[in-house]
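> Pasting coords_2.txt here (compact mmCIF, C-alpha atoms and all ligand atoms):
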# COMPACT_ATOMS: atom_id res chain seq x y z
CA MET A 1 0.00 0.00 0.00
CA LYS A 2 2.82 2.39 0.91
CA LYS A 3 4.56 1.65 -2.40
CA ILE A 4 1.38 2.23 -4.35
CA GLN A 5 0.84 5.53 -2.52
CA GLU A 6 4.38 6.67 -3.35
CA SER A 7 3.75 6.03 -7.04
CA VAL A 8 0.38 7.77 -6.87
CA ASN A 9 1.87 10.83 -5.16
CA TYR A 10 4.58 11.12 -7.80
CA ILE A 11 2.09 10.84 -10.67
CA LYS A 12 -0.26 13.38 -9.05
CA ASP A 13 2.62 15.84 -8.78
CA GLN A 14 3.32 15.45 -12.50
CA ALA A 15 -0.23 15.49 -13.84
CA GLY A 16 -3.08 17.54 -12.42
CA ILE A 17 -5.64 14.98 -13.38
CA THR A 18 -7.99 12.68 -11.53
CA PRO A 19 -8.72 9.98 -14.07
CA GLU A 20 -12.10 8.29 -13.93
CA ILE A 21 -11.29 5.66 -16.54
CA ALA A 22 -8.17 3.49 -16.80
CA LEU A 23 -7.24 2.10 -20.20
CA ILE A 24 -5.13 -0.95 -20.91
CA LEU A 25 -4.81 -1.25 -24.64
CA GLY A 26 -3.92 -4.42 -26.51
CA SER A 27 -1.73 -4.94 -29.54
CA GLY A 28 -2.67 -2.60 -32.32
CA LEU A 29 -4.81 -0.29 -30.21
CA GLY A 30 -2.00 1.38 -28.28
CA VAL A 31 -2.25 4.30 -30.70
CA LEU A 32 -5.37 5.42 -28.89
CA ALA A 33 -3.09 6.68 -26.13
CA ASP A 34 -1.53 9.06 -28.70
CA GLU A 35 -4.92 10.66 -29.20
CA ILE A 36 -5.27 11.65 -25.54
CA GLU A 37 -5.42 15.45 -25.27
CA ASN A 38 -3.69 17.80 -22.84
CA LYS A 39 -1.59 14.83 -21.94
CA THR A 40 1.17 14.16 -19.48
CA GLU A 41 3.40 11.23 -20.39
CA ILE A 42 5.37 9.63 -17.59
CA PRO A 43 7.87 6.86 -18.44
CA TYR A 44 7.38 3.85 -16.16
CA GLY A 45 11.04 4.15 -15.16
CA ASP A 46 10.43 7.61 -13.65
CA ILE A 47 7.64 6.44 -11.36
CA PRO A 48 8.84 5.24 -7.94
CA ASN A 49 8.32 1.48 -7.46
CA PHE A 50 6.79 1.06 -10.92
CA PRO A 51 7.75 -2.13 -12.76
CA VAL A 52 9.89 -1.49 -15.82
CA SER A 53 10.06 -3.71 -18.86
CA THR A 54 13.41 -5.35 -19.36
CA VAL A 55 12.58 -6.14 -22.96
CA GLU A 56 14.30 -3.67 -25.26
CA GLY A 57 11.95 -1.45 -27.21
CA HIS A 58 9.15 -1.99 -24.70
CA ALA A 59 9.87 1.07 -22.58
CA GLY A 60 6.31 1.92 -21.65
CA GLN A 61 4.73 5.01 -20.18
CA LEU A 62 1.66 6.14 -18.37
CA VAL A 63 -0.38 8.69 -20.33
CA LEU A 64 -2.80 10.94 -18.44
CA GLY A 65 -5.13 13.41 -20.09
CA GLU A 66 -8.53 13.80 -21.70
CA LEU A 67 -10.35 11.63 -24.20
CA GLU A 68 -13.90 12.38 -25.32
CA GLY A 69 -14.21 14.86 -22.47
CA LYS A 70 -13.29 12.29 -19.82
CA GLN A 71 -10.16 12.28 -17.71
CA VAL A 72 -8.28 9.06 -18.40
CA VAL A 73 -5.08 7.26 -17.60
CA ALA A 74 -3.67 4.81 -20.13
CA MET A 75 -0.89 2.27 -19.92
CA GLN A 76 1.09 2.57 -23.12
CA GLY A 77 3.00 -0.67 -22.91
CA ARG A 78 1.63 -3.61 -21.07
CA PHE A 79 3.25 -6.44 -19.12
CA HIS A 80 2.52 -9.99 -20.20
CA TYR A 81 3.08 -12.98 -17.96
CA TYR A 82 4.77 -14.87 -20.82
CA GLU A 83 7.53 -12.26 -20.92
CA GLY A 84 8.76 -13.76 -17.69
CA TYR A 85 7.69 -11.04 -15.29
CA ASP A 86 6.55 -11.77 -11.84
CA ILE A 87 2.77 -11.63 -11.80
CA SER A 88 3.05 -8.67 -9.37
CA PHE A 89 4.33 -6.60 -12.33
CA ILE A 90 0.89 -6.93 -13.81
CA ALA A 91 -0.93 -6.12 -10.58
CA PHE A 92 0.94 -2.98 -9.54
CA PRO A 93 0.02 -0.58 -12.38
CA VAL A 94 -3.66 -1.54 -12.14
CA ARG A 95 -3.62 -0.74 -8.43
CA VAL A 96 -1.90 2.59 -9.05
CA MET A 97 -4.49 3.58 -11.66
CA LYS A 98 -7.31 2.74 -9.25
CA MET A 99 -5.69 4.73 -6.45
CA LEU A 100 -5.33 7.69 -8.84
CA GLY A 101 -9.11 7.72 -8.96
CA ALA A 102 -10.11 5.45 -11.83
CA GLU A 103 -13.21 3.53 -10.83
CA LYS A 104 -13.55 1.96 -14.29
CA LEU A 105 -11.18 -0.12 -16.36
CA LEU A 106 -11.46 -0.54 -20.10
CA VAL A 107 -9.21 -3.35 -21.28
CA THR A 108 -8.73 -4.48 -24.86
CA ASN A 109 -6.84 -7.35 -26.45
CA SER A 110 -6.26 -9.40 -29.54
CA ALA A 111 -7.68 -12.88 -29.33
CA GLY A 112 -8.17 -16.02 -31.34
CA GLY A 113 -11.75 -16.96 -32.15
CA ALA A 114 -12.75 -20.38 -30.81
CA ASN A 115 -16.44 -19.87 -31.53
CA ARG A 116 -17.12 -21.04 -35.08
CA HIS A 117 -19.74 -18.34 -35.53
CA PHE A 118 -17.07 -15.68 -35.12
CA ASN A 119 -15.17 -14.14 -38.01
CA VAL A 120 -11.72 -12.64 -38.19
CA GLY A 121 -12.05 -8.92 -37.51
CA ASP A 122 -15.06 -9.30 -35.17
CA PHE A 123 -15.18 -7.47 -31.85
CA MET A 124 -16.23 -9.43 -28.78
CA LEU A 125 -17.47 -7.87 -25.57
CA ILE A 126 -16.15 -10.10 -22.81
CA SER A 127 -19.03 -11.36 -20.70
CA ASP A 128 -16.87 -13.58 -18.47
CA HIS A 129 -13.53 -15.33 -18.45
CA ILE A 130 -11.90 -18.64 -17.62
CA ASN A 131 -8.48 -18.36 -16.00
CA PHE A 132 -6.28 -20.97 -17.66
CA THR A 133 -3.01 -19.19 -16.95
CA GLY A 134 -2.16 -21.55 -14.11
CA THR A 135 -1.61 -18.68 -11.72
CA ASN A 136 -3.41 -15.81 -10.02
CA PRO A 137 -2.04 -12.32 -9.38
CA LEU A 138 -3.61 -12.26 -5.90
CA ILE A 139 -1.57 -15.20 -4.62
CA GLY A 140 0.38 -14.03 -1.58
CA ALA A 141 -0.44 -11.95 1.45
CA ASN A 142 -3.67 -10.05 0.96
CA GLU A 143 -3.62 -6.30 1.38
CA ASP A 144 -6.91 -5.84 3.16
CA GLU A 145 -7.00 -2.10 2.35
CA LEU A 146 -7.14 -2.99 -1.34
CA GLY A 147 -9.75 -5.69 -1.28
CA PRO A 148 -10.93 -8.95 0.29
CA ARG A 149 -8.89 -12.13 0.67
CA PHE A 150 -11.44 -14.11 -1.33
CA PRO A 151 -12.83 -11.75 -3.95
CA ASP A 152 -16.17 -12.40 -5.57
CA MET A 153 -15.85 -12.93 -9.33
CA SER A 154 -19.53 -13.38 -10.12
CA GLU A 155 -19.67 -10.18 -12.16
CA ALA A 156 -16.05 -9.61 -13.13
CA TYR A 157 -17.21 -7.80 -16.27
CA ASN A 158 -19.70 -5.07 -15.50
CA LYS A 159 -23.12 -5.78 -17.00
CA GLU A 160 -24.04 -2.10 -17.27
CA LEU A 161 -20.86 -1.31 -19.17
CA ILE A 162 -21.52 -4.23 -21.51
CA LYS A 163 -25.02 -2.92 -22.17
CA LEU A 164 -23.66 0.57 -22.78
CA ALA A 165 -21.05 -0.83 -25.19
CA GLU A 166 -23.78 -2.72 -27.06
CA GLU A 167 -25.86 0.45 -27.37
CA VAL A 168 -22.89 2.49 -28.60
CA ALA A 169 -21.99 -0.22 -31.14
CA GLU A 170 -25.54 -0.38 -32.43
CA LYS A 171 -25.76 3.40 -32.82
CA LYS A 172 -22.52 3.38 -34.78
CA GLY A 173 -23.52 0.41 -36.91
CA ILE A 174 -20.62 -1.65 -35.57
CA THR A 175 -21.41 -5.33 -35.05
CA VAL A 176 -20.22 -6.76 -31.74
CA LYS A 177 -20.34 -10.30 -30.45
CA LYS A 178 -20.39 -11.26 -26.80
CA GLY A 179 -18.57 -14.17 -25.24
CA ILE A 180 -16.23 -15.85 -22.83
CA TYR A 181 -12.51 -15.13 -22.96
CA VAL A 182 -10.22 -17.97 -21.98
CA GLY A 183 -6.84 -16.71 -20.80
CA PHE A 184 -3.72 -18.85 -21.24
CA SER A 185 -0.19 -17.96 -20.22
CA GLY A 186 1.26 -18.24 -23.73
CA PRO A 187 3.62 -17.66 -25.43
CA THR A 188 2.68 -20.67 -27.54
CA TYR A 189 -0.58 -20.44 -29.37
CA GLU A 190 -2.94 -23.21 -28.30
CA THR A 191 -3.03 -26.66 -29.85
CA PRO A 192 -6.14 -27.76 -31.76
CA ALA A 193 -6.89 -30.15 -28.85
CA GLU A 194 -6.76 -27.23 -26.41
CA ILE A 195 -9.14 -25.28 -28.62
CA ARG A 196 -11.57 -28.22 -28.72
CA MET A 197 -11.37 -28.22 -24.91
CA VAL A 198 -12.10 -24.48 -24.85
CA GLN A 199 -15.13 -25.01 -27.10
CA ARG A 200 -16.47 -27.77 -24.87
CA LEU A 201 -16.00 -25.58 -21.80
CA GLY A 202 -18.02 -22.82 -23.40
CA GLY A 203 -15.15 -20.50 -24.30
CA ASP A 204 -15.49 -18.21 -27.31
CA ALA A 205 -12.06 -16.60 -27.60
CA VAL A 206 -8.53 -17.30 -26.39
CA GLY A 207 -5.68 -14.98 -25.51
CA MET A 208 -2.59 -14.36 -23.41
CA SER A 209 -3.50 -11.22 -21.47
CA THR A 210 -6.37 -9.47 -19.66
CA VAL A 211 -7.27 -12.17 -17.10
CA PRO A 212 -4.60 -11.09 -14.55
CA GLU A 213 -5.42 -7.39 -14.89
CA VAL A 214 -9.14 -8.07 -14.58
CA ILE A 215 -8.63 -10.15 -11.43
CA VAL A 216 -6.64 -7.34 -9.81
CA ALA A 217 -9.14 -4.67 -10.86
CA ASN A 218 -12.04 -6.80 -9.66
CA HIS A 219 -10.31 -7.26 -6.29
CA MET A 220 -10.47 -3.48 -5.86
CA GLY A 221 -14.08 -3.24 -6.97
CA MET A 222 -13.47 -1.51 -10.31
CA GLY A 223 -16.16 -1.65 -13.00
CA ILE A 224 -14.58 -3.51 -15.89
CA LEU A 225 -15.27 -3.60 -19.60
CA GLY A 226 -13.21 -5.97 -21.75
CA ILE A 227 -13.20 -6.00 -25.54
CA SER A 228 -11.41 -8.55 -27.69
CA CYS A 229 -10.56 -8.08 -31.31
CA ILE A 230 -10.74 -11.48 -32.99
CA THR A 231 -7.54 -11.24 -35.00
CA ASN A 232 -7.49 -14.87 -36.17
CA MET A 233 -9.44 -18.06 -35.85
CA ALA A 234 -7.97 -20.23 -33.08
CA ALA A 235 -5.75 -23.22 -33.85
CA GLY A 236 -7.29 -26.10 -35.77
CA ILE A 237 -10.38 -24.21 -36.92
CA LEU A 238 -8.89 -23.30 -40.27
CA PRO A 239 -6.41 -25.50 -42.13
CA GLU A 240 -3.52 -23.09 -41.71
CA PRO A 241 -0.87 -22.33 -39.10
CA LEU A 242 -1.13 -19.29 -36.81
CA GLY A 243 1.33 -16.46 -36.82
CA HIS A 244 1.85 -13.12 -35.15
CA GLU A 245 1.79 -11.44 -38.59
CA GLU A 246 -1.89 -12.26 -39.07
CA VAL A 247 -2.70 -10.97 -35.59
CA ILE A 248 -1.00 -7.64 -36.30
CA GLU A 249 -2.40 -7.41 -39.82
CA THR A 250 -6.00 -7.87 -38.62
CA ALA A 251 -5.55 -5.53 -35.65
CA ASN A 252 -4.27 -2.85 -38.03
CA ARG A 253 -7.07 -3.40 -40.51
CA VAL A 254 -9.87 -2.98 -37.96
CA LYS A 255 -8.08 -0.33 -35.90
CA PRO A 256 -10.16 2.68 -37.12
CA LYS A 257 -13.41 0.89 -36.28
CA PHE A 258 -12.05 -0.34 -32.94
CA ILE A 259 -10.95 3.17 -32.01
CA GLU A 260 -14.34 4.58 -33.02
CA LEU A 261 -16.07 2.03 -30.80
CA VAL A 262 -13.79 2.60 -27.80
CA ARG A 263 -14.03 6.39 -28.14
CA GLY A 264 -17.82 6.14 -28.35
CA ILE A 265 -17.91 4.02 -25.21
CA ILE A 266 -15.67 6.43 -23.29
CA LYS A 267 -17.88 9.33 -24.37
CA SER A 268 -21.05 7.56 -23.21
CA VAL A 269 -19.77 6.29 -19.87
CA LYS A 270 -21.65 7.99 -17.06
CA SER A 271 -19.43 9.66 -14.50
N1 LIG B 1 -4.34 -17.53 -29.15
C1 LIG B 1 -3.84 -16.88 -28.09
N2 LIG B 1 -3.60 -15.58 -28.08
C2 LIG B 1 -3.91 -14.88 -29.19
C3 LIG B 1 -4.43 -15.49 -30.33
C4 LIG B 1 -4.66 -16.90 -30.30
O1 LIG B 1 -5.14 -17.51 -31.27
N3 LIG B 1 -4.62 -14.50 -31.25
C5 LIG B 1 -4.23 -13.34 -30.67
N4 LIG B 1 -3.78 -13.57 -29.43
Here is the file; what I need is its structure written in the form of structure tokens.

Amino acid sequence: MKKIQESVNYIKDQAGITPEIALILGSGLGVLADEIENKTEIPYGDIPNFPVSTVEGHAGQLVLGELEGKQVVAMQGRFHYYEGYDISFIAFPVRVMKMLGAEKLLVTNSAGGANRHFNVGDFMLISDHINFTGTNPLIGANEDELGPRFPDMSEAYNKELIKLAEEVAEKKGITVKKGIYVGFSGPTYETPAEIRMVQRLGGDAVGMSTVPEVIVANHMGMGILGISCITNMAAGILPEPLGHEEVIETANRVKPKFIELVRGIIKSVKS
């Protein structure tokens, strides 16, 4: 708690902003942070106690400012468990953003479609998740000031925010699906057998992020909205191998529509 407070104090000194929405943006959508207005950019390395990426070219910074008239804080550069970080690296920034004032978290990611009714390029509002990462960011001593030892996960993704996102999408003529995100640790893509398992368990999309951040945010009682961009069909669904190139290519192709949707949601969120 003391460490979080130190980070929060430093950030508050740099940026005169009380963000109401925290943004964690997945591959391809990080550019949204560039569109934040009146912004203060703070490199992770400057923030006391903040985890810093050891991977070259993944510096990362916190961006605070305004988007669609709302005060926001965005993580530009995200920590993935598969990069070898301690899971606490993923927890800390989420906690700092909450303590800065953000009561809501909007998290986006790229994901593989396991649901055969999905198409590449679809957007999926996450209605729930299955944690298949084999770990949990809350393992360890519980900080009671942050949240309970045994957090309820029965509405990890806020129903009102999902409804609002559906309304925004409909108004904009953007089709959105809804479904269950199954989070694996990665970095391998899943095997076809794992995808058949996911389908039998009721999963609709698979990915390597989001679940840890959502658990931490849920622990602190944040209202969470998660949106996946289906960048590829999951392993074994189509007769072709998976590659990062396709993920990036799809994310880039749908980026303008994704940004329009996310901006629309931010605009419509009630304070
Ligand atoms: N599997 C896991 N993670 C992913 C995928 C996938 O098919 N596509 C994008 N991220």
> Mind pulling up the distance from CA of Leu25 in chain A to CA of Ile230 in chain A?
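Going from CA of Ile230 in chain A over to CA of Leu25 in chain A, I get 14.5 Å.
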> Compile the contact shell of Pro241 in chain A as an MDAnalysis selection string: residues with an atom at most 12 Å away, counting all atoms listed in the file, same-chain residues fewer than 3 positions apart removed.
chainID A and resid 189:192 232:238 244:246
> Mind listing whatever residues come within 7 Å of the point (-5.0, -12.1, -21.9)? Use all atoms listed in the file, file coordinates, and give them as a list of chain:residue names.
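Checking each residue against the 7 Å limit leaves A:Asn109, A:Gly183, A:Phe184, A:Gly207, A:Met208, A:Ser209, A:Thr210, A:Val211.
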> Which one is closest to Leu29 in chain A: A:Val176, A:Met75, A:Val214, A:Ala205? Count all atoms listed in the file.
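Comparing A:Val176, A:Met75, A:Val214, A:Ala205 against Leu29 in chain A, the winner is A:Met75.
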> Which residue gives the smallest distance to Glu41 in chain A among A:Ile259, A:Ala74, A:Ala169, A:Val120, with all atoms listed in the file counted?
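The shortest atom-to-atom distance to Glu41 in chain A comes from A:Ala74.
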> Distance cut-off 9 Å, centre (-10.6, -18.8, -22.1) in file coordinates, counting all atoms listed in the file: which residues qualify? Return them as a PyMOL selection string.
chain A and resi 128-132+180-184+198+201-207+211
> What does the structure give for the distance between CA of Gly84 in chain A and CA of Pro212 in chain A, in Å to one decimal?
14.0 Å
> Find the residues around Gln14 in chain A up to 9 Å (only C-alpha atoms counted), leave out those fewer than 4 positions away in its own chain, and share them as a count of residues only.
5
> Identify which of the residues A:Asp13, A:Glu35, A:Asp144, A:Glu240 lies closest to Glu68 in chain A, counting only C-alpha atoms when measuring atom-to-atom distances.
A:Glu35
> Where atoms are missing, can you supply N, CA, C and O atoms for range 196-221 of chain A and output the lot as a CSV table (one decimal), in the frame of the given file?

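In the end it all went to part_29.csv:
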chain,number,residue,atom,x,y,z
A,196,ARG,N,-10.4,-27.4,-28.9
A,196,ARG,CA,-11.6,-28.2,-28.7
A,196,ARG,C,-12.0,-28.2,-27.3
A,196,ARG,O,-13.2,-28.2,-26.9
A,197,MET,N,-11.0,-28.3,-26.3
A,197,MET,CA,-11.4,-28.2,-24.9
A,197,MET,C,-12.1,-26.9,-24.6
A,197,MET,O,-13.1,-26.9,-23.9
A,198,VAL,N,-11.5,-25.8,-25.1
A,198,VAL,CA,-12.1,-24.5,-24.8
A,198,VAL,C,-13.5,-24.5,-25.3
A,198,VAL,O,-14.4,-24.0,-24.6
A,199,GLN,N,-13.8,-25.0,-26.5
A,199,GLN,CA,-15.1,-25.0,-27.1
A,199,GLN,C,-16.1,-25.8,-26.2
A,199,GLN,O,-17.2,-25.4,-25.9
A,200,ARG,N,-15.6,-26.9,-25.7
A,200,ARG,CA,-16.5,-27.8,-24.9
A,200,ARG,C,-16.8,-27.1,-23.5
A,200,ARG,O,-17.8,-27.3,-22.9
A,201,LEU,N,-15.8,-26.3,-23.1
A,201,LEU,CA,-16.0,-25.6,-21.8
A,201,LEU,C,-16.8,-24.3,-22.0
A,201,LEU,O,-17.1,-23.6,-21.0
A,202,GLY,N,-17.2,-24.0,-23.2
A,202,GLY,CA,-18.0,-22.8,-23.4
A,202,GLY,C,-17.2,-21.5,-23.7
A,202,GLY,O,-17.8,-20.5,-23.7
A,203,GLY,N,-16.0,-21.7,-24.0
A,203,GLY,CA,-15.2,-20.5,-24.3
A,203,GLY,C,-15.4,-20.1,-25.7
A,203,GLY,O,-15.7,-20.9,-26.6
A,204,ASP,N,-15.3,-18.8,-26.0
A,204,ASP,CA,-15.5,-18.2,-27.3
A,204,ASP,C,-14.2,-17.6,-27.9
A,204,ASP,O,-14.1,-17.5,-29.1
A,205,ALA,N,-13.3,-17.2,-27.1
A,205,ALA,CA,-12.1,-16.6,-27.6
A,205,ALA,C,-10.9,-16.9,-26.7
A,205,ALA,O,-11.1,-17.2,-25.5
A,206,VAL,N,-9.7,-17.0,-27.2
A,206,VAL,CA,-8.5,-17.3,-26.4
A,206,VAL,C,-7.5,-16.2,-26.5
A,206,VAL,O,-7.3,-15.6,-27.6
A,207,GLY,N,-6.7,-16.0,-25.5
A,207,GLY,CA,-5.7,-15.0,-25.5
A,207,GLY,C,-4.7,-15.1,-24.4
A,207,GLY,O,-4.8,-16.0,-23.5
A,208,MET,N,-3.7,-14.2,-24.4
A,208,MET,CA,-2.6,-14.4,-23.4
A,208,MET,C,-2.5,-13.2,-22.5
A,208,MET,O,-1.4,-12.9,-21.9
A,209,SER,N,-3.6,-12.4,-22.3
A,209,SER,CA,-3.5,-11.2,-21.5
A,209,SER,C,-4.8,-11.1,-20.7
A,209,SER,O,-5.5,-12.1,-20.5
A,210,THR,N,-5.1,-9.9,-20.2
A,210,THR,CA,-6.4,-9.5,-19.7
A,210,THR,C,-6.8,-10.1,-18.4
A,210,THR,O,-7.3,-9.5,-17.4
A,211,VAL,N,-6.8,-11.5,-18.3
A,211,VAL,CA,-7.3,-12.2,-17.1
A,211,VAL,C,-6.6,-11.7,-15.8
A,211,VAL,O,-7.3,-11.3,-14.9
A,212,PRO,N,-5.2,-11.6,-15.8
A,212,PRO,CA,-4.6,-11.1,-14.6
A,212,PRO,C,-5.0,-9.7,-14.2
A,212,PRO,O,-5.3,-9.4,-13.0
A,213,GLU,N,-5.0,-8.8,-15.2
A,213,GLU,CA,-5.4,-7.4,-14.9
A,213,GLU,C,-6.9,-7.3,-14.4
A,213,GLU,O,-7.2,-6.5,-13.4
A,214,VAL,N,-7.7,-8.1,-15.0
A,214,VAL,CA,-9.1,-8.1,-14.6
A,214,VAL,C,-9.3,-8.6,-13.2
A,214,VAL,O,-10.1,-8.1,-12.4
A,215,ILE,N,-8.6,-9.6,-12.8
A,215,ILE,CA,-8.6,-10.2,-11.4
A,215,ILE,C,-8.2,-9.1,-10.4
A,215,ILE,O,-8.9,-8.8,-9.4
A,216,VAL,N,-7.1,-8.4,-10.7
A,216,VAL,CA,-6.6,-7.3,-9.8
A,216,VAL,C,-7.6,-6.2,-9.7
A,216,VAL,O,-7.9,-5.7,-8.6
A,217,ALA,N,-8.2,-5.8,-10.9
A,217,ALA,CA,-9.1,-4.7,-10.9
A,217,ALA,C,-10.4,-5.1,-10.1
A,217,ALA,O,-11.0,-4.3,-9.4
A,218,ASN,N,-10.8,-6.3,-10.3
A,218,ASN,CA,-12.0,-6.8,-9.7
A,218,ASN,C,-11.9,-6.8,-8.1
A,218,ASN,O,-12.8,-6.5,-7.4
A,219,HIS,N,-10.6,-7.2,-7.7
A,219,HIS,CA,-10.3,-7.3,-6.3
A,219,HIS,C,-10.6,-5.9,-5.6
A,219,HIS,O,-11.0,-5.8,-4.5
A,220,MET,N,-10.3,-4.8,-6.4
A,220,MET,CA,-10.5,-3.5,-5.9
A,220,MET,C,-11.8,-2.9,-6.2
A,220,MET,O,-12.1,-1.7,-5.9
A,221,GLY,N,-12.7,-3.7,-6.7
A,221,GLY,CA,-14.1,-3.2,-7.0
A,221,GLY,C,-14.2,-2.3,-8.2
A,221,GLY,O,-15.2,-1.6,-8.2
